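Below is the file query_17.pdb, which contains PDB, N, CA and C atoms and all ligand atoms.
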```pdb
ATOM      1  N   MET A   1     -41.251 -57.490  14.604
ATOM      2  CA  MET A   1     -40.937 -56.527  15.664
ATOM      3  C   MET A   1     -39.788 -57.088  16.514
ATOM      4  N   THR A   2     -38.871 -56.204  16.844
ATOM      5  CA  THR A   2     -37.727 -56.666  17.615
ATOM      6  C   THR A   2     -37.606 -55.886  18.914
ATOM      7  N   GLY A   3     -37.022 -56.537  19.875
ATOM      8  CA  GLY A   3     -36.692 -55.881  21.126
ATOM      9  C   GLY A   3     -35.209 -55.573  21.139
ATOM     10  N   LEU A   4     -34.787 -54.905  22.176
ATOM     11  CA  LEU A   4     -33.395 -54.500  22.265
ATOM     12  C   LEU A   4     -32.838 -54.989  23.596
ATOM     13  N   LEU A   5     -31.721 -55.730  23.505
ATOM     14  CA  LEU A   5     -31.034 -56.168  24.717
ATOM     15  C   LEU A   5     -29.834 -55.250  24.934
ATOM     16  N   VAL A   6     -29.759 -54.663  26.116
ATOM     17  CA  VAL A   6     -28.715 -53.689  26.440
ATOM     18  C   VAL A   6     -27.754 -54.295  27.453
ATOM     19  N   THR A   7     -26.470 -54.283  27.114
ATOM     20  CA  THR A   7     -25.454 -54.665  28.084
ATOM     21  C   THR A   7     -24.374 -53.591  28.100
ATOM     22  N   ALA A   8     -23.663 -53.487  29.193
ATOM     23  CA  ALA A   8     -22.579 -52.512  29.304
ATOM     24  C   ALA A   8     -21.436 -53.133  30.097
ATOM     25  N   ASP A   9     -20.233 -52.795  29.698
ATOM     26  CA  ASP A   9     -19.043 -53.396  30.293
ATOM     27  C   ASP A   9     -18.371 -52.406  31.252
ATOM     28  N   PRO A  10     -18.536 -52.602  32.554
ATOM     29  CA  PRO A  10     -17.934 -51.654  33.501
ATOM     30  C   PRO A  10     -16.411 -51.710  33.509
ATOM     31  N   THR A  11     -15.838 -52.782  32.953
ATOM     32  CA  THR A  11     -14.369 -52.879  32.988
ATOM     33  C   THR A  11     -13.713 -51.948  31.968
ATOM     34  N   THR A  12     -14.487 -51.473  30.990
ATOM     35  CA  THR A  12     -13.928 -50.519  30.026
ATOM     36  C   THR A  12     -14.546 -49.132  30.170
ATOM     37  N   CYS A  13     -15.543 -49.005  31.022
ATOM     38  CA  CYS A  13     -16.194 -47.715  31.266
ATOM     39  C   CYS A  13     -15.199 -46.746  31.894
ATOM     40  N   VAL A  14     -15.220 -45.498  31.410
ATOM     41  CA  VAL A  14     -14.325 -44.475  31.961
ATOM     42  C   VAL A  14     -15.119 -43.386  32.692
ATOM     43  N   THR A  15     -16.327 -43.731  33.119
ATOM     44  CA  THR A  15     -17.167 -42.886  33.973
ATOM     45  C   THR A  15     -17.459 -41.525  33.365
ATOM     46  N   SER A  16     -17.597 -41.483  32.039
ATOM     47  CA  SER A  16     -17.877 -40.196  31.391
ATOM     48  C   SER A  16     -19.300 -39.723  31.666
ATOM     49  N   CYS A  17     -20.186 -40.654  31.983
ATOM     50  CA  CYS A  17     -21.605 -40.414  32.303
ATOM     51  C   CYS A  17     -22.434 -39.952  31.120
ATOM     52  N   MET A  18     -21.901 -40.039  29.911
ATOM     53  CA  MET A  18     -22.689 -39.629  28.743
ATOM     54  C   MET A  18     -23.937 -40.497  28.574
ATOM     55  N   CYS A  19     -23.816 -41.783  28.854
ATOM     56  CA  CYS A  19     -24.985 -42.656  28.693
ATOM     57  C   CYS A  19     -26.081 -42.299  29.689
ATOM     58  N   VAL A  20     -25.700 -41.942  30.888
ATOM     59  CA  VAL A  20     -26.680 -41.564  31.902
ATOM     60  C   VAL A  20     -27.375 -40.271  31.498
ATOM     61  N   TYR A  21     -26.611 -39.376  30.915
ATOM     62  CA  TYR A  21     -27.180 -38.112  30.450
ATOM     63  C   TYR A  21     -28.174 -38.361  29.321
ATOM     64  N   ARG A  22     -27.844 -39.258  28.408
ATOM     65  CA  ARG A  22     -28.683 -39.465  27.225
ATOM     66  C   ARG A  22     -29.863 -40.398  27.483
ATOM     67  N   ALA A  23     -29.731 -41.342  28.376
ATOM     68  CA  ALA A  23     -30.830 -42.291  28.626
ATOM     69  C   ALA A  23     -30.859 -42.657  30.116
ATOM     70  N   PRO A  24     -31.296 -41.725  30.947
ATOM     71  CA  PRO A  24     -31.258 -41.963  32.403
ATOM     72  C   PRO A  24     -32.200 -43.064  32.871
ATOM     73  N   GLU A  25     -33.184 -43.421  32.031
ATOM     74  CA  GLU A  25     -34.092 -44.504  32.422
ATOM     75  C   GLU A  25     -33.412 -45.865  32.290
ATOM     76  N   VAL A  26     -32.323 -45.903  31.525
ATOM     77  CA  VAL A  26     -31.702 -47.186  31.201
ATOM     78  C   VAL A  26     -30.312 -47.339  31.835
ATOM     79  N   PHE A  27     -29.610 -46.225  32.018
ATOM     80  CA  PHE A  27     -28.243 -46.300  32.537
ATOM     81  C   PHE A  27     -28.110 -45.498  33.829
ATOM     82  N   ASP A  28     -27.259 -46.028  34.709
ATOM     83  CA  ASP A  28     -26.908 -45.309  35.941
ATOM     84  C   ASP A  28     -25.432 -45.568  36.190
ATOM     85  N   GLN A  29     -24.917 -45.004  37.262
ATOM     86  CA  GLN A  29     -23.529 -45.224  37.635
ATOM     87  C   GLN A  29     -23.490 -45.727  39.073
ATOM     88  N   ASP A  30     -22.543 -46.628  39.351
ATOM     89  CA  ASP A  30     -22.401 -47.110  40.722
ATOM     90  C   ASP A  30     -21.589 -46.105  41.544
ATOM     91  N   ASP A  31     -21.248 -46.476  42.753
ATOM     92  CA  ASP A  31     -20.559 -45.539  43.644
ATOM     93  C   ASP A  31     -19.192 -45.125  43.110
ATOM     94  N   ASP A  32     -18.620 -45.943  42.227
ATOM     95  CA  ASP A  32     -17.331 -45.601  41.620
ATOM     96  C   ASP A  32     -17.494 -44.882  40.288
ATOM     97  N   GLY A  33     -18.739 -44.644  39.895
ATOM     98  CA  GLY A  33     -18.990 -43.946  38.630
ATOM     99  C   GLY A  33     -19.085 -44.859  37.428
ATOM    100  N   LEU A  34     -19.021 -46.161  37.660
ATOM    101  CA  LEU A  34     -19.037 -47.114  36.543
ATOM    102  C   LEU A  34     -20.466 -47.414  36.131
ATOM    103  N   VAL A  35     -20.622 -47.674  34.853
ATOM    104  CA  VAL A  35     -21.953 -47.854  34.277
ATOM    105  C   VAL A  35     -22.694 -49.042  34.896
ATOM    106  N   VAL A  36     -23.986 -48.831  35.091
ATOM    107  CA  VAL A  36     -24.910 -49.875  35.531
ATOM    108  C   VAL A  36     -26.114 -49.814  34.600
ATOM    109  N   VAL A  37     -26.527 -50.963  34.099
ATOM    110  CA  VAL A  37     -27.728 -51.017  33.256
ATOM    111  C   VAL A  37     -28.941 -51.211  34.155
ATOM    112  N   LEU A  38     -29.853 -50.252  34.113
ATOM    113  CA  LEU A  38     -31.064 -50.323  34.936
ATOM    114  C   LEU A  38     -32.155 -51.148  34.271
ATOM    115  N   ASP A  39     -32.198 -51.080  32.950
ATOM    116  CA  ASP A  39     -33.263 -51.759  32.210
ATOM    117  C   ASP A  39     -32.647 -52.394  30.964
ATOM    118  N   ALA A  40     -32.373 -53.696  31.032
ATOM    119  CA  ALA A  40     -31.697 -54.383  29.919
ATOM    120  C   ALA A  40     -32.595 -54.571  28.709
ATOM    121  N   ARG A  41     -33.891 -54.456  28.911
ATOM    122  CA  ARG A  41     -34.840 -54.596  27.787
ATOM    123  C   ARG A  41     -35.786 -53.400  27.801
ATOM    124  N   PRO A  42     -35.260 -52.248  27.427
ATOM    125  CA  PRO A  42     -36.070 -51.029  27.518
ATOM    126  C   PRO A  42     -37.214 -51.028  26.507
ATOM    127  N   PRO A  43     -38.275 -50.293  26.808
ATOM    128  CA  PRO A  43     -39.408 -50.213  25.888
ATOM    129  C   PRO A  43     -39.028 -49.460  24.618
ATOM    130  N   ALA A  44     -39.825 -49.682  23.576
ATOM    131  CA  ALA A  44     -39.513 -49.154  22.245
ATOM    132  C   ALA A  44     -39.310 -47.650  22.249
ATOM    133  N   GLU A  45     -40.053 -46.934  23.060
ATOM    134  CA  GLU A  45     -39.930 -45.470  23.031
ATOM    135  C   GLU A  45     -38.570 -44.979  23.537
ATOM    136  N   LEU A  46     -37.794 -45.846  24.164
ATOM    137  CA  LEU A  46     -36.462 -45.455  24.642
ATOM    138  C   LEU A  46     -35.346 -45.918  23.715
ATOM    139  N   HIS A  47     -35.686 -46.654  22.668
ATOM    140  CA  HIS A  47     -34.627 -47.239  21.829
ATOM    141  C   HIS A  47     -33.760 -46.181  21.159
ATOM    142  N   ASP A  48     -34.365 -45.098  20.669
ATOM    143  CA  ASP A  48     -33.558 -44.058  20.018
ATOM    144  C   ASP A  48     -32.556 -43.457  21.003
ATOM    145  N   ALA A  49     -33.020 -43.184  22.206
ATOM    146  CA  ALA A  49     -32.123 -42.605  23.216
ATOM    147  C   ALA A  49     -31.019 -43.593  23.583
ATOM    148  N   VAL A  50     -31.371 -44.866  23.678
ATOM    149  CA  VAL A  50     -30.370 -45.882  24.016
ATOM    150  C   VAL A  50     -29.335 -46.004  22.894
ATOM    151  N   ARG A  51     -29.804 -45.949  21.650
ATOM    152  CA  ARG A  51     -28.856 -46.037  20.527
ATOM    153  C   ARG A  51     -27.932 -44.822  20.514
ATOM    154  N   ARG A  52     -28.475 -43.653  20.811
ATOM    155  CA  ARG A  52     -27.625 -42.449  20.887
ATOM    156  C   ARG A  52     -26.604 -42.602  22.016
ATOM    157  N   ALA A  53     -27.031 -43.148  23.127
ATOM    158  CA  ALA A  53     -26.120 -43.351  24.253
ATOM    159  C   ALA A  53     -24.999 -44.310  23.881
ATOM    160  N   ALA A  54     -25.356 -45.386  23.189
ATOM    161  CA  ALA A  54     -24.336 -46.371  22.796
ATOM    162  C   ALA A  54     -23.340 -45.756  21.816
ATOM    163  N   ARG A  55     -23.863 -45.000  20.846
ATOM    164  CA  ARG A  55     -22.971 -44.356  19.866
ATOM    165  C   ARG A  55     -22.060 -43.342  20.541
ATOM    166  N   GLY A  56     -22.566 -42.696  21.596
ATOM    167  CA  GLY A  56     -21.812 -41.626  22.231
ATOM    168  C   GLY A  56     -20.838 -42.085  23.290
ATOM    169  N   CYS A  57     -20.851 -43.368  23.613
ATOM    170  CA  CYS A  57     -19.918 -43.842  24.637
ATOM    171  C   CYS A  57     -18.492 -43.772  24.096
ATOM    172  N   PRO A  58     -17.609 -43.061  24.786
ATOM    173  CA  PRO A  58     -16.248 -42.869  24.263
ATOM    174  C   PRO A  58     -15.416 -44.140  24.219
ATOM    175  N   THR A  59     -15.810 -45.155  24.969
ATOM    176  CA  THR A  59     -15.031 -46.399  24.981
ATOM    177  C   THR A  59     -15.814 -47.578  24.398
ATOM    178  N   GLN A  60     -16.947 -47.285  23.779
ATOM    179  CA  GLN A  60     -17.766 -48.339  23.162
ATOM    180  C   GLN A  60     -18.046 -49.468  24.157
ATOM    181  N   SER A  61     -18.397 -49.067  25.353
ATOM    182  CA  SER A  61     -18.654 -50.044  26.417
ATOM    183  C   SER A  61     -20.081 -50.564  26.411
ATOM    184  N   ILE A  62     -20.933 -49.986  25.559
ATOM    185  CA  ILE A  62     -22.342 -50.380  25.533
ATOM    186  C   ILE A  62     -22.600 -51.228  24.300
ATOM    187  N   THR A  63     -23.214 -52.379  24.497
ATOM    188  CA  THR A  63     -23.542 -53.277  23.395
ATOM    189  C   THR A  63     -25.059 -53.419  23.294
ATOM    190  N   LEU A  64     -25.569 -53.252  22.084
ATOM    191  CA  LEU A  64     -26.989 -53.396  21.827
ATOM    192  C   LEU A  64     -27.194 -54.581  20.893
ATOM    193  N   THR A  65     -28.137 -55.424  21.232
ATOM    194  CA  THR A  65     -28.439 -56.585  20.414
ATOM    195  C   THR A  65     -29.925 -56.586  20.108
ATOM    196  N   ASP A  66     -30.258 -56.587  18.814
ATOM    197  CA  ASP A  66     -31.662 -56.700  18.413
ATOM    198  C   ASP A  66     -32.097 -58.132  18.638
ATOM    199  N   GLN A  67     -33.250 -58.279  19.284
ATOM    200  CA  GLN A  67     -33.746 -59.615  19.573
ATOM    201  C   GLN A  67     -35.224 -59.700  19.220
ATOM    202  N   PRO A  68     -35.659 -60.857  18.764
ATOM    203  CA  PRO A  68     -37.088 -61.027  18.537
ATOM    204  C   PRO A  68     -37.847 -60.942  19.852
ATOM    205  N   LEU A  69     -39.019 -60.355  19.803
ATOM    206  CA  LEU A  69     -39.822 -60.256  21.018
ATOM    207  C   LEU A  69     -40.474 -61.582  21.359
TER
HETATM  208  S1  LIG B 101     -20.907 -43.413  28.245
HETATM  209 FE1  LIG B 101     -19.543 -45.215  28.279
HETATM  210  S2  LIG B 101     -17.755 -44.529  29.463
HETATM  211 FE2  LIG B 101     -19.423 -43.069  29.887
HETATM  212  S3  LIG B 101     -20.414 -43.880  31.765
HETATM  213 FE3  LIG B 101     -21.529 -44.714  29.982
HETATM  214  S4  LIG B 101     -20.553 -46.725  29.592
HETATM  215 FE4  LIG B 101     -19.161 -45.537  30.889
END
```
Represent the structure contained in this file as structure tokens.
Ligand code: SF4
Amino acid sequence: MTGLLVTADPTTCVTSCMCVYRAPEVFDQDDDGLVVVLDARPPAELHDAVRRAARGCPTQSITLTDQPL
């Protein structure tokens, strides 16, 4: 069984907010609209949504790493 480590790079984020739309439990935006990771190790039931969010980021600013639990 693996966990998922979520990181996001605000320096390449273009404030599209797609990640927030797709996984609001895991992503938010700061006052400038830049991505903020709320939960770097989300529970398994959110992994599909997080993967969709990462795939949908227009600047590939979200990195997902599978990690052993
Ligand atoms: S989807 Fe990508 S560009 Fe849009 S807010 Fe999230 S990290 Fe930023």
- Query: Given the file above and the PyMOL selection byres (((chain A and resi 57-61 and name CA) around 9) and not hetatm and name CA), which residues are selected, and can you give them as a PyMOL selection string?
  - Reply: chain A and resi 7-14+16-19+35+52-56+62-63
- Task: Might you pull out every residue within 6.5 Å of Asp39 of chain A, with all atoms listed in the file counted and same-chain residues fewer than 5 positions away left off, and present them as a PyMOL selection string?
- Result: chain A and resi 6+25-27
Work out where the centre of an axis-aligned box around every listed atom of ligand LIG 101 (chain B) lies and how long its edges are once 6 Å is added on each side; give both in Å to one decimal as lines of an AutoDock Vina configuration file.
```
center_x = -19.6
center_y = -44.9
center_z = 30.0
size_x = 15.8
size_y = 15.7
size_z = 15.5
```
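Our summary of the geometry notes that atom N of Tyr21 of chain A is positioned 21.4 Å from atom N of Asp66 of chain A.
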- Message: I'd like the interatomic distance between atom C of Gln67 of chain A and atom N of Val36 of chain A, to a tenth of an Å.
- Response: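 If I compute the distance from atom C of Gln67 of chain A to atom N of Val36 of chain A, I get 22.3 Å.
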- Task: Dump as a PyMOL selection string all residues having an atom at most 12 Å from (-35.1, -58.7, 18.9), computed in the file's coordinates with only C-alpha atoms.
- Result: chain A and resi 1-6+41-44+47+64-69
Residues of the last selection are to be written out with N, CA and C atoms, as an mmCIF file, in the frame of the given file.
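What ended up in result-v9.cif:
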```
data_model
loop_
_atom_site.group_PDB
_atom_site.id
_atom_site.type_symbol
_atom_site.label_atom_id
_atom_site.label_comp_id
_atom_site.auth_asym_id
_atom_site.auth_seq_id
_atom_site.Cartn_x
_atom_site.Cartn_y
_atom_site.Cartn_z
ATOM 1 N N MET A 1 -41.251 -57.490 14.604
ATOM 2 C CA MET A 1 -40.937 -56.527 15.664
ATOM 3 C C MET A 1 -39.788 -57.088 16.514
ATOM 4 N N THR A 2 -38.871 -56.204 16.844
ATOM 5 C CA THR A 2 -37.727 -56.666 17.615
ATOM 6 C C THR A 2 -37.606 -55.886 18.914
ATOM 7 N N GLY A 3 -37.022 -56.537 19.875
ATOM 8 C CA GLY A 3 -36.692 -55.881 21.126
ATOM 9 C C GLY A 3 -35.209 -55.573 21.139
ATOM 10 N N LEU A 4 -34.787 -54.905 22.176
ATOM 11 C CA LEU A 4 -33.395 -54.500 22.265
ATOM 12 C C LEU A 4 -32.838 -54.989 23.596
ATOM 13 N N LEU A 5 -31.721 -55.730 23.505
ATOM 14 C CA LEU A 5 -31.034 -56.168 24.717
ATOM 15 C C LEU A 5 -29.834 -55.250 24.934
ATOM 16 N N VAL A 6 -29.759 -54.663 26.116
ATOM 17 C CA VAL A 6 -28.715 -53.689 26.440
ATOM 18 C C VAL A 6 -27.754 -54.295 27.453
ATOM 19 N N ARG A 41 -33.891 -54.456 28.911
ATOM 20 C CA ARG A 41 -34.840 -54.596 27.787
ATOM 21 C C ARG A 41 -35.786 -53.400 27.801
ATOM 22 N N PRO A 42 -35.260 -52.248 27.427
ATOM 23 C CA PRO A 42 -36.070 -51.029 27.518
ATOM 24 C C PRO A 42 -37.214 -51.028 26.507
ATOM 25 N N PRO A 43 -38.275 -50.293 26.808
ATOM 26 C CA PRO A 43 -39.408 -50.213 25.888
ATOM 27 C C PRO A 43 -39.028 -49.460 24.618
ATOM 28 N N ALA A 44 -39.825 -49.682 23.576
ATOM 29 C CA ALA A 44 -39.513 -49.154 22.245
ATOM 30 C C ALA A 44 -39.310 -47.650 22.249
ATOM 31 N N HIS A 47 -35.686 -46.654 22.668
ATOM 32 C CA HIS A 47 -34.627 -47.239 21.829
ATOM 33 C C HIS A 47 -33.760 -46.181 21.159
ATOM 34 N N LEU A 64 -25.569 -53.252 22.084
ATOM 35 C CA LEU A 64 -26.989 -53.396 21.827
ATOM 36 C C LEU A 64 -27.194 -54.581 20.893
ATOM 37 N N THR A 65 -28.137 -55.424 21.232
ATOM 38 C CA THR A 65 -28.439 -56.585 20.414
ATOM 39 C C THR A 65 -29.925 -56.586 20.108
ATOM 40 N N ASP A 66 -30.258 -56.587 18.814
ATOM 41 C CA ASP A 66 -31.662 -56.700 18.413
ATOM 42 C C ASP A 66 -32.097 -58.132 18.638
ATOM 43 N N GLN A 67 -33.250 -58.279 19.284
ATOM 44 C CA GLN A 67 -33.746 -59.615 19.573
ATOM 45 C C GLN A 67 -35.224 -59.700 19.220
ATOM 46 N N PRO A 68 -35.659 -60.857 18.764
ATOM 47 C CA PRO A 68 -37.088 -61.027 18.537
ATOM 48 C C PRO A 68 -37.847 -60.942 19.852
ATOM 49 N N LEU A 69 -39.019 -60.355 19.803
ATOM 50 C CA LEU A 69 -39.822 -60.256 21.018
ATOM 51 C C LEU A 69 -40.474 -61.582 21.359
#
```
- Message: Can you measure atom CA of Asp31 of chain A to atom CA of Glu45 of chain A for me? One decimal in Å is fine.
- Response: 28.3 Å
- Query: Mind checking DSSP for chain A and telling me the strand (DSSP E) residues as an MDAnalysis selection string?
  - Reply: chainID A and resid 2:8 27:29 35:37 62:68
- Message: Please identify the helix (DSSP H, G or I) residues within chain A (assignment by DSSP from backbone atoms) and present them as JSON, numbers by chain.
- Response: {"A": [18, 19, 20, 21, 22, 44, 45, 46, 47, 48, 49, 50, 51, 52, 53, 54, 55, 56]}
Just N, CA and C atoms for this one: save the residues we selected as an mmCIF file, in the coordinates of the input.
```cif
data_model
loop_
_atom_site.group_PDB
_atom_site.id
_atom_site.type_symbol
_atom_site.label_atom_id
_atom_site.label_comp_id
_atom_site.auth_asym_id
_atom_site.auth_seq_id
_atom_site.Cartn_x
_atom_site.Cartn_y
_atom_site.Cartn_z
ATOM 1 N N MET A 18 -21.901 -40.039 29.911
ATOM 2 C CA MET A 18 -22.689 -39.629 28.743
ATOM 3 C C MET A 18 -23.937 -40.497 28.574
ATOM 4 N N CYS A 19 -23.816 -41.783 28.854
ATOM 5 C CA CYS A 19 -24.985 -42.656 28.693
ATOM 6 C C CYS A 19 -26.081 -42.299 29.689
ATOM 7 N N VAL A 20 -25.700 -41.942 30.888
ATOM 8 C CA VAL A 20 -26.680 -41.564 31.902
ATOM 9 C C VAL A 20 -27.375 -40.271 31.498
ATOM 10 N N TYR A 21 -26.611 -39.376 30.915
ATOM 11 C CA TYR A 21 -27.180 -38.112 30.450
ATOM 12 C C TYR A 21 -28.174 -38.361 29.321
ATOM 13 N N ARG A 22 -27.844 -39.258 28.408
ATOM 14 C CA ARG A 22 -28.683 -39.465 27.225
ATOM 15 C C ARG A 22 -29.863 -40.398 27.483
ATOM 16 N N ALA A 44 -39.825 -49.682 23.576
ATOM 17 C CA ALA A 44 -39.513 -49.154 22.245
ATOM 18 C C ALA A 44 -39.310 -47.650 22.249
ATOM 19 N N GLU A 45 -40.053 -46.934 23.060
ATOM 20 C CA GLU A 45 -39.930 -45.470 23.031
ATOM 21 C C GLU A 45 -38.570 -44.979 23.537
ATOM 22 N N LEU A 46 -37.794 -45.846 24.164
ATOM 23 C CA LEU A 46 -36.462 -45.455 24.642
ATOM 24 C C LEU A 46 -35.346 -45.918 23.715
ATOM 25 N N HIS A 47 -35.686 -46.654 22.668
ATOM 26 C CA HIS A 47 -34.627 -47.239 21.829
ATOM 27 C C HIS A 47 -33.760 -46.181 21.159
ATOM 28 N N ASP A 48 -34.365 -45.098 20.669
ATOM 29 C CA ASP A 48 -33.558 -44.058 20.018
ATOM 30 C C ASP A 48 -32.556 -43.457 21.003
ATOM 31 N N ALA A 49 -33.020 -43.184 22.206
ATOM 32 C CA ALA A 49 -32.123 -42.605 23.216
ATOM 33 C C ALA A 49 -31.019 -43.593 23.583
ATOM 34 N N VAL A 50 -31.371 -44.866 23.678
ATOM 35 C CA VAL A 50 -30.370 -45.882 24.016
ATOM 36 C C VAL A 50 -29.335 -46.004 22.894
ATOM 37 N N ARG A 51 -29.804 -45.949 21.650
ATOM 38 C CA ARG A 51 -28.856 -46.037 20.527
ATOM 39 C C ARG A 51 -27.932 -44.822 20.514
ATOM 40 N N ARG A 52 -28.475 -43.653 20.811
ATOM 41 C CA ARG A 52 -27.625 -42.449 20.887
ATOM 42 C C ARG A 52 -26.604 -42.602 22.016
ATOM 43 N N ALA A 53 -27.031 -43.148 23.127
ATOM 44 C CA ALA A 53 -26.120 -43.351 24.253
ATOM 45 C C ALA A 53 -24.999 -44.310 23.881
ATOM 46 N N ALA A 54 -25.356 -45.386 23.189
ATOM 47 C CA ALA A 54 -24.336 -46.371 22.796
ATOM 48 C C ALA A 54 -23.340 -45.756 21.816
ATOM 49 N N ARG A 55 -23.863 -45.000 20.846
ATOM 50 C CA ARG A 55 -22.971 -44.356 19.866
ATOM 51 C C ARG A 55 -22.060 -43.342 20.541
ATOM 52 N N GLY A 56 -22.566 -42.696 21.596
ATOM 53 C CA GLY A 56 -21.812 -41.626 22.231
ATOM 54 C C GLY A 56 -20.838 -42.085 23.290
#
```
